[in-house]
Every structure is written in structure tokens, then in C-alpha cells.
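Asker: There's a structure below that I have some questions on.
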Amino acid sequence: MRLDNRLADGPPMRPLACERCAAQVLVRKSSWQQTSVQWDGRATAACAERGPSGGAFEGCGALRDTIREAALRGALPLTDGTGDVAPPP
């Protein structure tokens with residue numbers, strides 16, 4: 001896997017496994033509105049929502065829910081420095 005060095009200016013991306021299919025990706029949650037996700041071949045193959053390669057992929061709802069829950073629990077910190085625990089209304 002080739003790491004994305006565009007995020008080198010802040011906290012590193014963290015591994016996170018989807019609660020539905022256990023696909024493990026690297027994630028950085030910069031704010032409630034912005035999330036960076038890095039997929040590798042193994043995660044792509046394991047994702048229950050991605051399907052066969054070649055088609056457009058808008059994102060995985062199960063992974064999105066896993067990321068949100070991890071952020072709410074504090075397991076995935078927001079890097080924007082606001083200290084907000086809950087998403088904005």
C-alpha cells in the first residue's frame with residue numbers, strides 16, 4: 001500500500017476495521033464534515049458494498065457508520081482541534 005503523504009502535516013491516519021465486513025482501511029477524521037480514507041487491495045476485496053472492481057464507488061455506508069461511531073466514542077479523534085465530541089446538529 002502506498003501511503004498518502006498529503007496528510008503528513010497532522011496526526012497520522014489510523015487503521016480501522018469496518019464493523020460489517022472487517023475490511024481494514026486507514027482513516028483520519030479532520031472534522032465532522034471531512035474524513036480521509038485510504039483503501040488497499042485487501043480492504044477493497046473484503047468490502048461487502050464495493051462489489052466487483054471497475055464500477056463507480058460512491059462510498060461504503062457500513063464503513064461510514066463505523067467511522068462515525070469510532071469518532072463519537074473517541075477512538076478516532078477529530079484533528080480540527082475543536083474538541084467537539086458530538087457532531088454538529
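Just so we're on the same page: first chain in the C-alpha cells is A, next is B, and so on; residues restart at 1 for each chain, and ligands are numbered from 1 in the order they show up.
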For A:Arg42, work out the shell of residues within 10 Å, counting only C-alpha atoms and skipping chain neighbours fewer than 3 positions away, then give it as a PyMOL selection string.

Answerer: chain A and resi 1+23-25+39+45-47

Asker: Let's have the selection written as a compact mmCIF listing (two decimals), in the first residue's frame, with all heavy atoms.

Answerer:
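Just written: result16.txt:
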# COMPACT_ATOMS: atom_id res chain seq x y z
N MET A 1 0.84 -1.17 0.00
CA MET A 1 0.00 0.00 0.00
C MET A 1 0.90 1.24 0.00
O MET A 1 1.87 1.31 0.72
CB MET A 1 -0.89 -0.04 1.24
CG MET A 1 -1.60 1.24 1.50
SD MET A 1 -2.80 1.22 2.85
CE MET A 1 -1.97 0.40 4.15
N ALA A 23 -13.31 -5.14 6.72
CA ALA A 23 -12.33 -4.52 5.82
C ALA A 23 -11.57 -3.46 6.60
O ALA A 23 -12.18 -2.60 7.22
CB ALA A 23 -13.03 -3.90 4.61
N GLN A 24 -10.26 -3.55 6.62
CA GLN A 24 -9.46 -2.59 7.38
C GLN A 24 -8.89 -1.52 6.45
O GLN A 24 -8.21 -1.84 5.47
CB GLN A 24 -8.32 -3.27 8.13
CG GLN A 24 -7.57 -2.28 9.01
CD GLN A 24 -6.68 -2.97 10.00
OE1 GLN A 24 -7.11 -3.85 10.71
NE2 GLN A 24 -5.43 -2.56 10.05
N VAL A 25 -9.18 -0.26 6.76
CA VAL A 25 -8.71 0.88 5.99
C VAL A 25 -7.93 1.79 6.92
O VAL A 25 -7.91 1.59 8.13
CB VAL A 25 -9.90 1.65 5.36
CG1 VAL A 25 -10.65 0.79 4.36
CG2 VAL A 25 -10.84 2.17 6.44
N TRP A 39 -7.87 3.08 1.05
CA TRP A 39 -8.17 1.68 0.81
C TRP A 39 -6.95 0.99 0.23
O TRP A 39 -6.23 1.58 -0.55
CB TRP A 39 -9.30 1.56 -0.21
CG TRP A 39 -10.63 2.05 0.25
CD1 TRP A 39 -11.04 3.35 0.29
CD2 TRP A 39 -11.71 1.27 0.72
NE1 TRP A 39 -12.32 3.42 0.75
CE2 TRP A 39 -12.76 2.15 1.02
CE3 TRP A 39 -11.90 -0.10 0.90
CZ2 TRP A 39 -13.98 1.70 1.50
CZ3 TRP A 39 -13.12 -0.53 1.38
CH2 TRP A 39 -14.15 0.36 1.68
N ALA A 45 -11.24 -5.81 -1.55
CA ALA A 45 -11.79 -7.15 -1.79
C ALA A 45 -12.75 -7.57 -0.68
O ALA A 45 -13.72 -8.29 -0.93
CB ALA A 45 -10.66 -8.16 -1.93
N ALA A 46 -12.50 -7.13 0.55
CA ALA A 46 -13.32 -7.55 1.69
C ALA A 46 -14.61 -6.76 1.81
O ALA A 46 -15.58 -7.24 2.41
CB ALA A 46 -12.51 -7.41 2.98
N CYS A 47 -14.68 -5.57 1.26
CA CYS A 47 -15.84 -4.69 1.44
C CYS A 47 -17.09 -5.30 0.84
O CYS A 47 -17.14 -5.62 -0.35
CB CYS A 47 -15.58 -3.32 0.82
SG CYS A 47 -16.98 -2.19 1.00

Asker: Between A:Pro15, A:Leu72, A:Thr66, A:Leu78, which is the closest to A:Gln38 once you count only C-alpha atoms?

Answerer: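 Among A:Pro15, A:Leu72, A:Thr66, A:Leu78, it is A:Pro15 that comes nearest to A:Gln38.
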
Asker: What is the atom CA of A:Lys29 to atom CA of A:Ala43 distance in Å?

Answerer: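 That distance, rounded to one decimal, is 18.5 Å.
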
Asker: Mind giving me the straight-line distance from atom CA of A:Pro11 to atom CA of A:Arg28 in Å, one decimal?

Answerer: 7.8 Å

Asker: Find the residue from A:Ser36, A:Arg50, A:Phe57, A:Ala62 that sits nearest to A:Ala17; use only C-alpha atoms when measuring.

Answerer: A:Ala62

Asker: Residues within 12 Å of A:Ala71, please, as a PDB file with C-alpha atoms, in the first residue's frame. Count only C-alpha atoms; anything in the same chain fewer than 3 positions from it doesn't count.

Answerer:
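What ended up in selection.pdb:
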ATOM      1  CA  ARG A  14      -5.254   5.213  11.870  1.00  0.00           C
ATOM      2  CA  LEU A  16      -9.990   0.992  11.412  1.00  0.00           C
ATOM      3  CA  VAL A  27      -8.733   6.785   8.383  1.00  0.00           C
ATOM      4  CA  ARG A  28      -8.221  10.355   9.508  1.00  0.00           C
ATOM      5  CA  LYS A  29     -11.195  12.385  10.706  1.00  0.00           C
ATOM      6  CA  SER A  30     -10.286  16.041  10.280  1.00  0.00           C
ATOM      7  CA  SER A  31     -13.744  17.342  11.235  1.00  0.00           C
ATOM      8  CA  TRP A  32     -17.325  16.101  11.297  1.00  0.00           C
ATOM      9  CA  GLN A  33     -17.593  17.202   7.683  1.00  0.00           C
ATOM     10  CA  GLN A  34     -14.269  15.802   6.385  1.00  0.00           C
ATOM     11  CA  THR A  35     -12.913  12.262   6.501  1.00  0.00           C
ATOM     12  CA  ARG A  64     -19.177   5.449   7.160  1.00  0.00           C
ATOM     13  CA  ASP A  65     -21.242   4.313  10.186  1.00  0.00           C
ATOM     14  CA  THR A  66     -18.190   2.590  11.718  1.00  0.00           C
ATOM     15  CA  ILE A  67     -16.113   5.773  11.337  1.00  0.00           C
ATOM     16  CA  ARG A  68     -18.865   7.932  12.861  1.00  0.00           C
ATOM     17  CA  GLY A  74     -13.297   8.997  20.944  1.00  0.00           C
ATOM     18  CA  ALA A  75     -11.476   6.042  19.368  1.00  0.00           C
ATOM     19  CA  LEU A  76     -10.921   8.168  16.255  1.00  0.00           C
ATOM     20  CA  PRO A  77     -10.113  11.734  17.312  1.00  0.00           C
ATOM     21  CA  LEU A  78     -11.072  14.754  15.268  1.00  0.00           C
ATOM     22  CA  THR A  79      -7.937  16.624  14.233  1.00  0.00           C
ATOM     23  CA  GLY A  83     -12.565  19.199  20.931  1.00  0.00           C
ATOM     24  CA  ASP A  84     -16.165  18.597  19.859  1.00  0.00           C
ATOM     25  CA  VAL A  85     -17.314  15.126  20.841  1.00  0.00           C
ATOM     26  CA  ALA A  86     -20.717  15.224  19.165  1.00  0.00           C
ATOM     27  CA  PRO A  87     -21.373  16.103  15.547  1.00  0.00           C
TER      28      PRO A  87
END
